[in-house]
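Next comes structure14.cif, a file with mmCIF, C-alpha atoms.
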```
data_protein
loop_
_atom_site.label_atom_id
_atom_site.label_comp_id
_atom_site.auth_asym_id
_atom_site.auth_seq_id
_atom_site.Cartn_x
_atom_site.Cartn_y
_atom_site.Cartn_z
CA MET A 1 -22.52 -11.58 7.31
CA LYS A 2 -22.63 -7.84 6.64
CA LEU A 3 -19.35 -6.03 6.52
CA SER A 4 -18.38 -2.95 8.49
CA PRO A 5 -17.64 0.15 6.40
CA THR A 6 -13.90 -0.39 6.85
CA ALA A 7 -13.80 -4.03 5.83
CA LYS A 8 -13.73 -3.37 2.11
CA PHE A 9 -10.55 -1.34 2.04
CA LEU A 10 -8.10 -4.18 1.59
CA LYS A 11 -5.07 -2.28 0.40
CA LEU A 12 -5.29 0.92 2.36
CA THR A 13 -2.69 0.14 4.99
CA LEU A 14 -0.15 -0.66 2.31
CA PHE A 15 -0.65 1.67 -0.61
CA CYS A 16 0.75 4.85 0.89
CA THR A 17 4.11 3.60 2.09
CA ALA A 18 4.73 1.37 -0.92
CA ALA A 19 3.92 4.11 -3.40
CA VAL A 20 5.93 6.79 -1.64
CA SER A 21 9.05 4.66 -1.74
CA THR A 22 8.90 4.88 -5.52
CA SER A 23 8.34 8.64 -5.46
CA ILE A 24 11.67 9.50 -3.85
CA VAL A 25 13.86 10.85 -6.60
CA THR A 26 17.39 9.51 -6.62
CA PRO A 27 19.62 12.15 -8.22
CA SER A 28 21.75 11.28 -11.19
CA ALA A 29 25.37 12.23 -11.55
CA LEU A 30 24.50 14.90 -14.10
CA SER A 31 21.95 16.58 -11.83
CA LEU A 32 24.13 16.33 -8.75
CA ILE A 33 27.69 17.20 -9.45
CA PRO A 34 28.47 20.82 -10.26
CA GLY A 35 31.43 21.92 -12.36
CA LEU A 36 32.36 18.49 -13.67
CA ASN A 37 34.02 19.82 -16.76
CA VAL A 38 37.37 21.39 -16.03
CA ALA A 39 37.24 23.57 -19.12
CA THR A 40 33.87 24.98 -18.08
CA ALA A 41 35.10 25.66 -14.56
CA TYR A 42 38.18 27.38 -16.01
CA ALA A 43 36.00 29.69 -18.08
CA GLU A 44 33.49 30.42 -15.30
CA GLN A 45 36.13 31.52 -12.83
CA GLU A 46 36.96 34.54 -15.05
CA GLN A 47 33.39 35.82 -14.72
CA GLU A 48 33.45 35.27 -10.95
CA GLN A 49 36.72 37.19 -10.65
CA LYS A 50 35.04 40.29 -12.09
CA THR A 51 32.51 40.45 -9.24
CA LYS A 52 34.30 38.80 -6.34
CA ARG A 53 37.82 38.12 -5.20
CA VAL A 54 38.25 34.54 -6.41
CA PRO A 55 41.75 33.14 -7.03
CA ALA A 56 42.54 31.88 -10.48
CA LEU A 57 42.58 28.25 -11.59
CA ARG A 58 46.08 28.20 -12.99
CA GLU A 59 46.92 26.52 -16.26
CA LYS A 60 49.23 23.96 -14.65
CA VAL A 61 46.57 22.79 -12.17
CA TYR A 62 43.92 22.97 -14.86
CA SER A 63 45.83 20.55 -17.10
CA GLN A 64 46.41 18.12 -14.22
CA LEU A 65 42.72 18.12 -13.29
CA ALA A 66 41.80 17.68 -16.95
CA ARG A 67 44.06 14.64 -17.11
CA ALA A 68 42.45 13.13 -14.00
CA GLN A 69 39.03 13.78 -15.45
CA LYS A 70 39.88 12.11 -18.75
CA LEU A 71 41.19 9.00 -16.99
CA ALA A 72 38.00 8.73 -14.95
CA ASP A 73 35.80 9.42 -17.98
CA ASP A 74 37.62 6.68 -19.90
CA GLY A 75 36.75 4.21 -17.14
CA ASP A 76 40.13 4.01 -15.39
CA VAL A 77 38.92 5.08 -11.95
CA LYS A 78 42.03 3.92 -10.14
CA ALA A 79 44.28 5.96 -12.41
CA GLY A 80 42.00 8.97 -12.07
CA LEU A 81 42.21 8.79 -8.27
CA GLU A 82 45.98 8.34 -8.41
CA ALA A 83 46.22 11.45 -10.58
CA LEU A 84 44.19 13.39 -8.04
CA ASP A 85 46.35 12.02 -5.21
CA SER A 86 49.44 13.33 -6.95
CA ILE A 87 47.79 16.75 -7.22
CA GLN A 88 46.84 16.66 -3.54
CA GLU A 89 50.45 16.02 -2.57
CA ARG A 90 51.17 19.56 -3.81
CA ALA A 91 48.09 21.11 -2.16
CA SER A 92 50.25 23.46 -0.08
CA SER A 93 51.14 25.33 -3.25
CA MET A 94 47.51 25.55 -4.48
CA ASN A 95 44.97 28.30 -3.86
CA SER A 96 41.45 27.76 -2.41
CA TYR A 97 39.72 27.49 -5.75
CA GLU A 98 42.18 24.92 -7.03
CA ILE A 99 41.84 22.85 -3.85
CA ALA A 100 38.04 23.09 -4.10
CA MET A 101 38.11 21.87 -7.70
CA MET A 102 40.38 18.99 -6.72
CA HIS A 103 37.93 17.86 -4.01
CA ASN A 104 35.11 18.38 -6.47
CA PHE A 105 36.63 15.76 -8.76
CA TYR A 106 37.27 13.38 -5.91
CA GLY A 107 33.58 13.70 -5.11
CA PHE A 108 32.59 13.06 -8.71
CA ILE A 109 34.65 9.87 -8.92
CA TYR A 110 33.41 8.57 -5.55
CA TYR A 111 29.85 9.28 -6.55
CA ASN A 112 30.23 7.34 -9.77
CA GLU A 113 31.65 4.49 -7.73
CA ASN A 114 28.54 4.67 -5.51
CA ASP A 115 30.64 5.53 -2.47
CA LEU A 116 28.28 8.15 -1.11
CA PRO A 117 29.99 8.78 2.25
CA LYS A 118 33.30 9.59 0.54
CA ALA A 119 31.52 11.65 -2.10
CA ILE A 120 29.76 13.69 0.58
CA ALA A 121 33.00 14.16 2.52
CA SER A 122 34.72 15.39 -0.65
CA PHE A 123 32.00 17.89 -1.52
CA GLU A 124 31.93 19.17 2.05
CA LYS A 125 35.60 20.02 1.58
CA VAL A 126 34.64 21.97 -1.55
CA VAL A 127 32.25 24.30 0.29
CA ALA A 128 34.65 24.54 3.25
CA GLU A 129 36.97 26.60 1.03
CA GLU A 130 36.16 30.27 1.37
CA ALA A 131 37.47 31.72 -1.87
CA ILE A 132 35.35 29.84 -4.40
CA PRO A 133 32.73 31.09 -6.88
CA GLU A 134 29.29 31.57 -5.30
CA SER A 135 27.72 29.55 -8.11
CA LEU A 136 29.93 26.59 -7.16
CA ARG A 137 29.15 26.96 -3.47
CA LEU A 138 25.43 27.17 -4.16
CA SER A 139 25.23 24.22 -6.53
CA THR A 140 27.53 22.04 -4.41
CA THR A 141 25.54 22.72 -1.25
CA PHE A 142 22.33 21.69 -2.97
CA SER A 143 24.07 18.62 -4.39
CA LEU A 144 25.17 17.71 -0.86
CA ALA A 145 21.52 17.77 0.22
CA GLN A 146 20.62 15.45 -2.64
CA LEU A 147 23.51 13.12 -1.84
CA ALA A 148 22.48 13.01 1.82
CA MET A 149 18.98 12.03 0.71
CA ALA A 150 20.41 9.26 -1.46
CA ASN A 151 22.44 8.15 1.57
CA SER A 152 19.30 8.20 3.79
CA ASP A 153 20.90 10.76 6.10
CA TYR A 154 17.79 12.90 6.47
CA THR A 155 18.95 15.22 9.24
CA LYS A 156 21.93 16.15 7.06
CA VAL A 157 19.60 16.88 4.16
CA ILE A 158 17.84 19.49 6.26
CA ALA A 159 21.14 20.95 7.45
CA PHE A 160 22.48 21.28 3.90
CA LEU A 161 19.23 22.84 2.69
CA ASP A 162 19.34 25.32 5.57
CA ASP A 163 22.90 26.24 4.51
CA TRP A 164 21.71 26.60 0.92
CA ASP A 165 18.91 28.93 2.06
CA THR A 166 21.42 31.31 3.65
CA ILE A 167 23.31 31.84 0.40
CA ASN A 168 20.58 31.52 -2.22
CA THR A 169 19.17 34.75 -3.63
CA LYS A 170 17.01 33.41 -6.45
CA PRO A 171 13.41 32.07 -6.35
CA LYS A 172 13.20 28.52 -5.03
CA THR A 173 12.54 25.80 -7.55
CA GLU A 174 10.27 22.76 -7.55
CA GLY A 175 13.29 20.59 -6.82
CA TYR A 176 13.95 22.45 -3.58
CA TYR A 177 10.40 22.11 -2.28
CA LEU A 178 10.23 18.46 -3.34
CA LEU A 179 13.48 17.58 -1.61
CA ARG A 180 12.27 19.25 1.58
CA ALA A 181 8.95 17.42 1.35
CA GLN A 182 10.54 14.02 0.78
CA THR A 183 12.97 14.52 3.64
CA TYR A 184 10.31 15.52 6.16
CA TYR A 185 8.24 12.53 5.06
CA GLN A 186 11.16 10.25 5.83
CA LEU A 187 11.57 11.98 9.19
CA LYS A 188 7.85 11.41 9.82
CA ASP A 189 7.29 15.16 10.19
CA TYR A 190 4.24 15.03 7.96
CA LYS A 191 2.93 18.51 8.75
CA LYS A 192 6.12 20.18 7.54
CA GLY A 193 6.33 17.79 4.63
CA LEU A 194 2.81 18.74 3.56
CA GLU A 195 3.73 22.42 3.54
CA TYR A 196 6.47 21.80 1.00
CA ILE A 197 4.77 19.23 -1.25
CA SER A 198 1.68 21.47 -1.36
CA GLN A 199 3.91 24.36 -2.45
CA VAL A 200 5.33 22.23 -5.27
CA ILE A 201 1.84 21.37 -6.44
CA ALA A 202 0.57 24.94 -6.06
CA LEU A 203 3.53 26.20 -8.08
CA SER A 204 2.68 23.76 -10.85
CA ASP A 205 -1.00 24.68 -10.74
CA SER A 206 -0.20 28.39 -10.97
CA GLU A 207 1.69 27.70 -14.18
CA GLY A 208 -1.26 25.79 -15.61
CA LYS A 209 0.60 22.48 -15.52
CA ALA A 210 -0.59 19.17 -14.14
CA PRO A 211 1.35 18.15 -11.03
CA LYS A 212 3.63 15.16 -11.45
CA GLU A 213 2.19 11.86 -10.35
CA ASN A 214 4.79 11.17 -7.66
CA TRP A 215 4.06 14.56 -6.07
CA LEU A 216 0.44 13.58 -5.59
CA VAL A 217 1.51 10.17 -4.31
CA LEU A 218 3.61 11.87 -1.65
CA GLN A 219 0.91 14.37 -0.74
CA ARG A 220 -1.67 11.61 -0.43
CA ALA A 221 0.62 9.56 1.80
CA MET A 222 1.21 12.46 4.17
CA TYR A 223 -2.50 13.26 4.43
CA TYR A 224 -3.14 9.61 5.20
CA SER A 225 -0.39 9.51 7.82
CA LEU A 226 -2.03 12.54 9.48
CA ASN A 227 -5.41 10.75 9.34
CA GLN A 228 -6.85 13.51 7.14
CA THR A 229 -8.97 11.06 5.18
CA ASP A 230 -11.12 13.71 3.46
CA LYS A 231 -7.94 15.22 2.00
CA VAL A 232 -6.81 11.77 0.89
CA VAL A 233 -10.08 11.47 -1.01
CA ASP A 234 -9.51 14.85 -2.67
CA VAL A 235 -6.03 13.86 -3.84
CA LEU A 236 -7.19 10.46 -5.10
CA GLU A 237 -10.04 12.06 -7.04
CA ARG A 238 -7.45 14.21 -8.77
CA MET A 239 -5.16 11.23 -9.42
CA VAL A 240 -8.01 9.28 -10.98
CA LYS A 241 -8.82 12.21 -13.24
CA LEU A 242 -5.23 12.94 -14.25
CA TYR A 243 -3.71 9.48 -14.46
CA ASN A 244 -6.64 7.04 -14.65
CA LYS A 245 -4.68 4.12 -13.19
CA PRO A 246 -6.49 1.02 -11.89
CA GLU A 247 -4.90 1.20 -8.45
CA TYR A 248 -6.11 4.77 -7.94
CA TRP A 249 -9.69 3.76 -8.72
CA VAL A 250 -9.46 0.93 -6.20
CA GLN A 251 -7.88 3.16 -3.57
CA LEU A 252 -10.46 5.90 -4.12
CA SER A 253 -13.25 3.38 -3.68
CA GLY A 254 -11.64 2.17 -0.47
CA MET A 255 -11.30 5.71 0.86
CA TYR A 256 -14.94 6.46 0.08
CA GLY A 257 -15.78 3.48 2.24
CA GLU A 258 -13.37 4.67 4.92
CA THR A 259 -15.12 8.05 5.05
CA GLY A 260 -18.63 6.60 5.10
CA GLN A 261 -19.49 7.44 1.48
CA GLU A 262 -20.78 3.98 0.57
CA LYS A 263 -22.72 5.03 -2.52
CA GLN A 264 -19.68 6.73 -4.02
CA GLN A 265 -17.59 3.71 -3.05
CA LEU A 266 -19.90 1.37 -4.92
CA ALA A 267 -20.10 3.65 -7.97
CA VAL A 268 -16.33 4.03 -8.26
CA ILE A 269 -15.39 0.39 -7.79
CA GLU A 270 -18.14 -0.74 -10.15
CA ALA A 271 -16.90 1.76 -12.76
CA ALA A 272 -13.39 0.38 -12.31
CA TYR A 273 -14.71 -3.16 -12.81
CA GLN A 274 -16.55 -2.18 -15.98
CA GLN A 275 -13.33 -0.65 -17.37
CA GLY A 276 -11.48 -3.90 -16.75
CA PHE A 277 -9.30 -2.37 -14.03
CA LEU A 278 -10.01 -5.02 -11.41
CA THR A 279 -7.90 -8.04 -12.25
CA SER A 280 -6.23 -9.18 -9.04
CA LYS A 281 -7.82 -11.45 -6.46
CA SER A 282 -7.68 -8.73 -3.81
CA ASP A 283 -9.40 -6.20 -6.08
CA LEU A 284 -12.16 -8.63 -7.03
CA ARG A 285 -12.66 -9.69 -3.44
CA GLN A 286 -12.95 -6.03 -2.48
CA LEU A 287 -15.60 -5.56 -5.17
CA ALA A 288 -17.48 -8.61 -3.89
CA GLN A 289 -17.35 -7.28 -0.32
CA VAL A 290 -18.61 -3.86 -1.42
CA TYR A 291 -21.50 -5.51 -3.27
CA LEU A 292 -22.30 -7.57 -0.18
CA TYR A 293 -22.17 -4.55 2.11
CA ASN A 294 -24.53 -2.64 -0.19
CA GLY A 295 -27.09 -5.43 -0.26
CA LEU A 296 -26.15 -6.73 -3.71
CA ALA A 297 -25.47 -10.23 -2.48
CA PHE A 298 -26.06 -12.06 -5.75
CA LYS A 299 -23.59 -9.79 -7.53
CA ALA A 300 -21.09 -10.46 -4.76
CA ALA A 301 -21.48 -14.20 -5.23
CA ASP A 302 -21.24 -13.88 -9.01
CA VAL A 303 -18.00 -11.85 -8.89
CA MET A 304 -16.30 -14.21 -6.46
CA SER A 305 -17.43 -17.42 -8.17
CA ASP A 306 -16.27 -16.05 -11.53
CA ALA A 307 -12.88 -15.17 -10.01
CA ILE A 308 -12.56 -18.72 -8.68
CA GLU A 309 -13.54 -20.29 -11.99
CA LYS A 310 -10.99 -18.16 -13.86
CA GLY A 311 -8.23 -19.13 -11.44
CA ILE A 312 -7.78 -15.58 -10.15
CA ALA A 313 -9.01 -16.45 -6.66
CA GLU A 314 -7.90 -19.66 -4.97
CA GLN A 315 -10.16 -22.70 -4.85
CA ASN A 316 -10.11 -22.76 -1.07
CA ALA A 317 -12.69 -23.20 1.67
CA LYS A 318 -12.78 -19.51 2.57
CA ASN A 319 -13.61 -18.35 -0.96
CA TYR A 320 -16.22 -21.05 -1.57
CA ALA A 321 -17.83 -20.21 1.78
CA PHE A 322 -17.93 -16.52 0.81
CA VAL A 323 -19.89 -17.38 -2.34
CA ALA A 324 -22.19 -19.70 -0.37
CA GLU A 325 -22.98 -17.11 2.30
CA ALA A 326 -23.61 -14.48 -0.36
CA MET A 327 -26.06 -16.86 -2.02
CA ILE A 328 -27.82 -17.30 1.30
CA GLN A 329 -28.16 -13.53 1.66
CA ALA A 330 -29.50 -13.41 -1.90
CA LYS A 331 -32.19 -15.96 -0.89
CA GLU A 332 -30.63 -18.54 -3.19
CA ASP A 333 -30.28 -21.36 -0.67
CA GLU A 334 -30.29 -24.13 -3.27
CA LYS A 335 -27.49 -22.46 -5.21
CA SER A 336 -25.43 -22.08 -2.05
CA ILE A 337 -25.29 -25.82 -1.43
CA LYS A 338 -22.63 -26.73 -4.00
CA TYR A 339 -20.32 -24.04 -2.63
CA PHE A 340 -20.82 -25.16 0.97
CA VAL A 341 -20.07 -28.73 -0.17
CA LYS A 342 -16.79 -27.60 -1.74
CA ALA A 343 -15.88 -25.54 1.30
CA ALA A 344 -16.64 -28.46 3.62
CA ASP A 345 -14.57 -30.88 1.53
CA LEU A 346 -11.57 -28.55 1.73
CA SER A 347 -11.79 -27.78 5.44
CA PRO A 348 -10.56 -29.96 8.33
CA SER A 349 -13.06 -28.13 10.54
CA GLY A 350 -16.71 -29.09 10.65
CA LYS A 351 -18.02 -25.52 10.51
CA TYR A 352 -18.94 -25.63 6.83
CA ASP A 353 -20.59 -29.04 7.22
CA GLN A 354 -22.66 -27.45 9.99
CA ARG A 355 -23.74 -24.60 7.70
CA LEU A 356 -24.50 -27.15 5.02
CA ALA A 357 -26.71 -29.08 7.46
CA GLU A 358 -28.63 -25.90 8.25
CA VAL A 359 -29.18 -25.14 4.56
CA TYR A 360 -30.33 -28.70 3.91
CA VAL A 361 -32.88 -28.34 6.71
CA ASN A 362 -34.11 -25.07 5.20
CA THR A 363 -34.46 -26.71 1.79
CA GLU A 364 -36.16 -29.79 3.29
CA GLN A 365 -33.38 -32.21 2.35
CA TYR A 366 -33.42 -34.02 5.67
CA GLU A 367 -31.33 -37.12 4.94
CA GLU A 368 -28.56 -34.88 3.63
CA ALA A 369 -29.00 -32.55 6.60
CA ALA A 370 -28.56 -35.38 9.09
CA ASP A 371 -25.46 -36.64 7.28
CA ALA A 372 -23.90 -33.16 7.17
CA ALA A 373 -24.65 -32.53 10.85
CA ARG A 374 -23.06 -35.82 11.88
CA LYS A 375 -20.03 -35.06 9.74
CA ALA A 376 -19.71 -31.63 11.36
CA LEU A 377 -19.77 -33.17 14.82
CA ASN A 378 -17.24 -35.84 13.86
CA LYS A 379 -14.83 -33.25 12.44
CA GLY A 380 -15.26 -30.95 15.41
CA SER A 381 -13.61 -27.52 15.83
CA LEU A 382 -17.06 -25.91 15.79
CA ASP A 383 -17.66 -22.42 17.06
CA PHE A 384 -21.21 -23.32 18.03
CA GLU A 385 -21.49 -27.06 18.44
CA SER A 386 -25.07 -26.68 19.67
CA ASN A 387 -26.17 -25.53 16.21
CA ALA A 388 -25.06 -28.83 14.71
CA PHE A 389 -27.11 -30.76 17.30
CA VAL A 390 -30.13 -28.54 16.61
CA ALA A 391 -29.84 -29.16 12.86
CA LEU A 392 -29.47 -32.89 13.47
CA GLY A 393 -32.46 -32.90 15.80
CA MET A 394 -34.65 -31.08 13.27
CA ALA A 395 -33.56 -33.37 10.46
CA GLN A 396 -34.28 -36.52 12.50
CA TYR A 397 -37.68 -35.17 13.55
CA ASN A 398 -38.68 -34.59 9.92
CA LEU A 399 -37.47 -38.10 9.11
CA GLN A 400 -39.80 -39.36 11.89
CA ASN A 401 -36.80 -40.61 13.86
CA PHE A 402 -38.19 -39.23 17.10
CA ASP A 403 -35.85 -40.93 19.55
CA ALA A 404 -32.78 -39.86 17.56
CA SER A 405 -34.22 -36.34 17.37
CA ILE A 406 -34.80 -36.16 21.13
CA LEU A 407 -31.26 -37.43 21.75
CA ALA A 408 -29.82 -34.70 19.51
CA PHE A 409 -31.85 -31.98 21.21
CA GLU A 410 -30.78 -33.28 24.62
CA GLN A 411 -27.16 -32.71 23.53
CA ALA A 412 -28.08 -29.22 22.34
CA GLU A 413 -29.76 -28.57 25.69
CA LYS A 414 -26.37 -28.85 27.42
CA HIS A 415 -25.26 -25.64 25.70
CA LYS A 416 -26.51 -22.41 27.24
CA LYS A 417 -26.89 -20.75 23.85
CA SER A 418 -29.46 -23.27 22.63
CA GLN A 419 -30.84 -24.56 25.94
CA ARG A 420 -34.25 -22.94 25.76
CA LEU A 421 -34.79 -23.77 22.10
CA ALA A 422 -33.73 -27.38 22.70
CA GLN A 423 -36.14 -27.76 25.63
CA GLN A 424 -39.02 -26.50 23.50
CA TRP A 425 -38.12 -28.91 20.74
CA ILE A 426 -37.81 -31.84 23.14
CA LYS A 427 -41.35 -31.23 24.45
CA TYR A 428 -42.66 -30.85 20.94
CA VAL A 429 -40.96 -33.99 19.59
CA LYS A 430 -42.14 -36.06 22.57
CA ARG A 431 -45.73 -34.98 21.94
CA GLU A 432 -45.36 -35.76 18.26
CA LYS A 433 -43.89 -39.16 19.12
CA VAL A 434 -46.89 -39.97 21.34
CA HIS A 435 -49.26 -38.71 18.69
CA ALA A 436 -47.58 -40.82 15.99
CA GLU A 437 -47.67 -43.96 18.17
CA THR A 438 -51.33 -43.39 19.02
CA LEU A 439 -52.16 -42.97 15.36
CA ARG A 440 -50.21 -46.10 14.45
CA THR A 441 -51.99 -48.13 17.13
CA ALA A 442 -55.35 -46.89 15.92
CA LEU A 443 -54.57 -48.03 12.42
CA LEU A 444 -53.67 -51.60 13.49
#
```

Mind converting the file's structure to structure tokens?
Amino acid sequence: MKLSPTAKFLKLTLFCTAAVSTSIVTPSALSLIPGLNVATAYAEQEQEQKTKRVPALREKVYSQLARAQKLADDGDVKAGLEALDSIQERASSMNSYEIAMMHNFYGFIYYNENDLPKAIASFEKVVAEEAIPESLRLSTTFSLAQLAMANSDYTKVIAFLDDWDTINTKPKTEGYYLLRAQTYYQLKDYKKGLEYISQVIALSDSEGKAPKENWLVLQRAMYYSLNQTDKVVDVLERMVKLYNKPEYWVQLSGMYGETGQEKQQLAVIEAAYQQGFLTSKSDLRQLAQVYLYNGLAFKAADVMSDAIEKGIAEQNAKNYAFVAEAMIQAKEDEKSIKYFVKAADLSPSGKYDQRLAEVYVNTEQYEEAADAARKALNKGSLDFESNAFVALGMAQYNLQNFDASILAFEQAEKHKKSQRLAQQWIKYVKREKVHAETLRTALL
């Protein structure tokens, strides 16, 4: 019952996608919406006018926007929108900057109401105005990319970021690279995504800072999606060192197994167990499987039986059978019996009764072996029915029930898998029967 190197990695197919979903940063209103404060916008436009031809935000419009903002800030969204509607009715008399600021506040209110499509549409109208401050255009374009991400419109995220690239003149920030990386991950373009998330991490490393946990989660997921398992191992080793979370220890152990590094797999998962990190049934079963694969069958049985006793693992036939088979591999046949009994009692199939019969034969408990074999045959659903007949035949022979033994082996003979063995046993039992009868006659 040895496991393949991949069998022990129980969580691997799930951990990447589940973890990445938590790494996507949903922007807050404060980080998204530029120029929310009318007074600030009013002051900033004077600076912009010194370097670029930007129309003024006139006092009359400023006061109307301030009123709309106060209504919205006070929680009266409907009144705030109505105030903006009244401003929009006079849009023909407003300059580009004033119209842009009006749409900016529409966008802010819609965003707070979680109406992302309307918020995006409003902010697109902001950047559509030509005569606006470059700082407003830049920040609004980036906010549009963030809003598109929050709205799961990933192609638009890329389009907005491309627009932002054409007007940005300053060094790119971590937020830019991260947004690119997250978007390409969602678009399943993992190669491009890796370029950007690796740049985020490299930027952090160059500054002597530890990369954020969700960055490594995203990088690990993309490496895994590209089947670059050695790189996944590298990232997980770093995550274990930096964040020391139980799930990262378990995942690292699984990846060591996935890449054929069984000794490292055993060392890591055992270290996790000793630190008390393995508490779920799946984690403990993984540990038991790793022990079994590495020839530590008794430890495998001990871990699983302890998990069952503590109520972590279910008291079901499959788990009891795992313990029993591990005991068999550990040459503890007698100790395996109680677990096979429990497995057999819980299973409608006779397969565990069959295994129990075989163990009883090996431990020379022939009455019990015959009973278990008959029970297995009565229950049915056996993968190898012939094995049950062989066990029954051997038990009956040792009980000196020669005719019953021959009958059982004759049934086993009908199966191709056990035909030759059954024929040999039939000849042997018949000779022993004759010998026993001769001896009995001689003693009369």

Exercise for the section: Do a neighbour search on Asp302 of chain A at 10 Å with only C-alpha atoms, toss out local chain neighbours closer than 5 positions, and write the hits as a VMD selection string. Expected result: chain A and resid 288 297 307 to 308 323 326 to 327

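For the pair atom CA of Ile337 of chain A and atom CA of Glu364 of chain A, the interatomic distance is 12.5 Å.
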
Name all residues at most 10 Å from Lys338 of chain A (count all atoms listed in the file; drop same-chain ones fewer than 5 positions away) and give them as a PDB file with C-alpha atoms, in the frame of the given file.
```pdb
ATOM      1  CA  TYR A 320     -16.220 -21.050  -1.570  1.00  0.00           C
ATOM      2  CA  ALA A 321     -17.830 -20.210   1.780  1.00  0.00           C
ATOM      3  CA  VAL A 323     -19.890 -17.380  -2.340  1.00  0.00           C
ATOM      4  CA  ALA A 324     -22.190 -19.700  -0.370  1.00  0.00           C
ATOM      5  CA  ASP A 333     -30.280 -21.360  -0.670  1.00  0.00           C
ATOM      6  CA  ALA A 343     -15.880 -25.540   1.300  1.00  0.00           C
ATOM      7  CA  ALA A 344     -16.640 -28.460   3.620  1.00  0.00           C
ATOM      8  CA  LEU A 356     -24.500 -27.150   5.020  1.00  0.00           C
TER       9      LEU A 356
END
```

TODO: Could you jot down the atom CA of Val61 of chain A to atom CA of Ser135 of chain A separation for me, Å, one decimal place?
DONE: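 Spanning atom CA of Val61 of chain A to atom CA of Ser135 of chain A is a straight-line distance of 20.4 Å.
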
Please determine an axis-aligned box that encloses all atoms of segment 373-377 of chain A listed in the file, with 6 Å added on each side, and express its centre and edge lengths in Å to one decimal as AutoDock Vina command-line options.
```
--center_x -22.2 --center_y -33.7 --center_z 12.3 --size_x 16.9 --size_y 16.2 --size_z 17.1
```

Shortest contact to Gln265 of chain A, candidates A:Ala159, A:Ser253, A:Ala317, A:Leu57, atoms counted only C-alpha atoms, goes to A:Ser253

For this session: Counting only C-alpha atoms, figure out which residue out of A:Lys191, A:Leu287, A:Leu226, A:Gln315 gets nearest to Val303 of chain A.
Result: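 Using only C-alpha atoms, the shortest distance to Val303 of chain A belongs to A:Leu287.
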
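Closest to Asn316 of chain A among A:Tyr184, A:Phe277, A:Phe298, A:Tyr339 is A:Tyr339, based on only C-alpha atoms.
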
Just give me the residues with any atom within 12 Å of (47.9, 15.5, -17.2), file coordinates, counting only C-alpha atoms, written as a compact mmCIF listing (two decimals) with C-alpha atoms, in the frame of the given file.
```
# COMPACT_ATOMS: atom_id res chain seq x y z
CA GLU A 59 46.92 26.52 -16.26
CA LYS A 60 49.23 23.96 -14.65
CA VAL A 61 46.57 22.79 -12.17
CA TYR A 62 43.92 22.97 -14.86
CA SER A 63 45.83 20.55 -17.10
CA GLN A 64 46.41 18.12 -14.22
CA LEU A 65 42.72 18.12 -13.29
CA ALA A 66 41.80 17.68 -16.95
CA ARG A 67 44.06 14.64 -17.11
CA ALA A 68 42.45 13.13 -14.00
CA GLN A 69 39.03 13.78 -15.45
CA LYS A 70 39.88 12.11 -18.75
CA LEU A 71 41.19 9.00 -16.99
CA ALA A 79 44.28 5.96 -12.41
CA GLY A 80 42.00 8.97 -12.07
CA GLU A 82 45.98 8.34 -8.41
CA ALA A 83 46.22 11.45 -10.58
CA LEU A 84 44.19 13.39 -8.04
CA SER A 86 49.44 13.33 -6.95
CA ILE A 87 47.79 16.75 -7.22
```

Got a minute to add N, CA and C atoms to segment 341-350 of chain A and dump it as a PDB file, keeping the file's coordinate frame?
```pdb
ATOM      1  N   VAL A 341     -20.638 -27.376  -0.030  1.00  0.00           N
ATOM      2  CA  VAL A 341     -20.070 -28.730  -0.170  1.00  0.00           C
ATOM      3  C   VAL A 341     -18.576 -28.637  -0.467  1.00  0.00           C
ATOM      4  N   LYS A 342     -18.203 -27.757  -1.392  1.00  0.00           N
ATOM      5  CA  LYS A 342     -16.790 -27.600  -1.740  1.00  0.00           C
ATOM      6  C   LYS A 342     -15.989 -27.057  -0.571  1.00  0.00           C
ATOM      7  N   ALA A 343     -16.573 -26.097   0.143  1.00  0.00           N
ATOM      8  CA  ALA A 343     -15.880 -25.540   1.300  1.00  0.00           C
ATOM      9  C   ALA A 343     -15.689 -26.611   2.371  1.00  0.00           C
ATOM     10  N   ALA A 344     -16.728 -27.412   2.602  1.00  0.00           N
ATOM     11  CA  ALA A 344     -16.640 -28.460   3.620  1.00  0.00           C
ATOM     12  C   ALA A 344     -15.607 -29.516   3.255  1.00  0.00           C
ATOM     13  N   ASP A 345     -15.541 -29.864   1.979  1.00  0.00           N
ATOM     14  CA  ASP A 345     -14.570 -30.880   1.530  1.00  0.00           C
ATOM     15  C   ASP A 345     -13.131 -30.406   1.709  1.00  0.00           C
ATOM     16  N   LEU A 346     -12.929 -29.101   1.654  1.00  0.00           N
ATOM     17  CA  LEU A 346     -11.570 -28.550   1.730  1.00  0.00           C
ATOM     18  C   LEU A 346     -11.158 -28.143   3.145  1.00  0.00           C
ATOM     19  N   SER A 347     -12.084 -28.260   4.085  1.00  0.00           N
ATOM     20  CA  SER A 347     -11.790 -27.780   5.440  1.00  0.00           C
ATOM     21  C   SER A 347     -11.695 -28.923   6.441  1.00  0.00           C
ATOM     22  N   PRO A 348     -10.666 -28.944   7.280  1.00  0.00           N
ATOM     23  CA  PRO A 348     -10.560 -29.960   8.330  1.00  0.00           C
ATOM     24  C   PRO A 348     -11.567 -29.704   9.453  1.00  0.00           C
ATOM     25  N   SER A 349     -12.060 -28.475   9.535  1.00  0.00           N
ATOM     26  CA  SER A 349     -13.060 -28.130  10.540  1.00  0.00           C
ATOM     27  C   SER A 349     -14.450 -28.541  10.063  1.00  0.00           C
ATOM     28  N   GLY A 350     -15.353 -28.719  11.007  1.00  0.00           N
ATOM     29  CA  GLY A 350     -16.710 -29.090  10.650  1.00  0.00           C
ATOM     30  C   GLY A 350     -17.653 -27.921  10.464  1.00  0.00           C
TER      31      GLY A 350
END
```
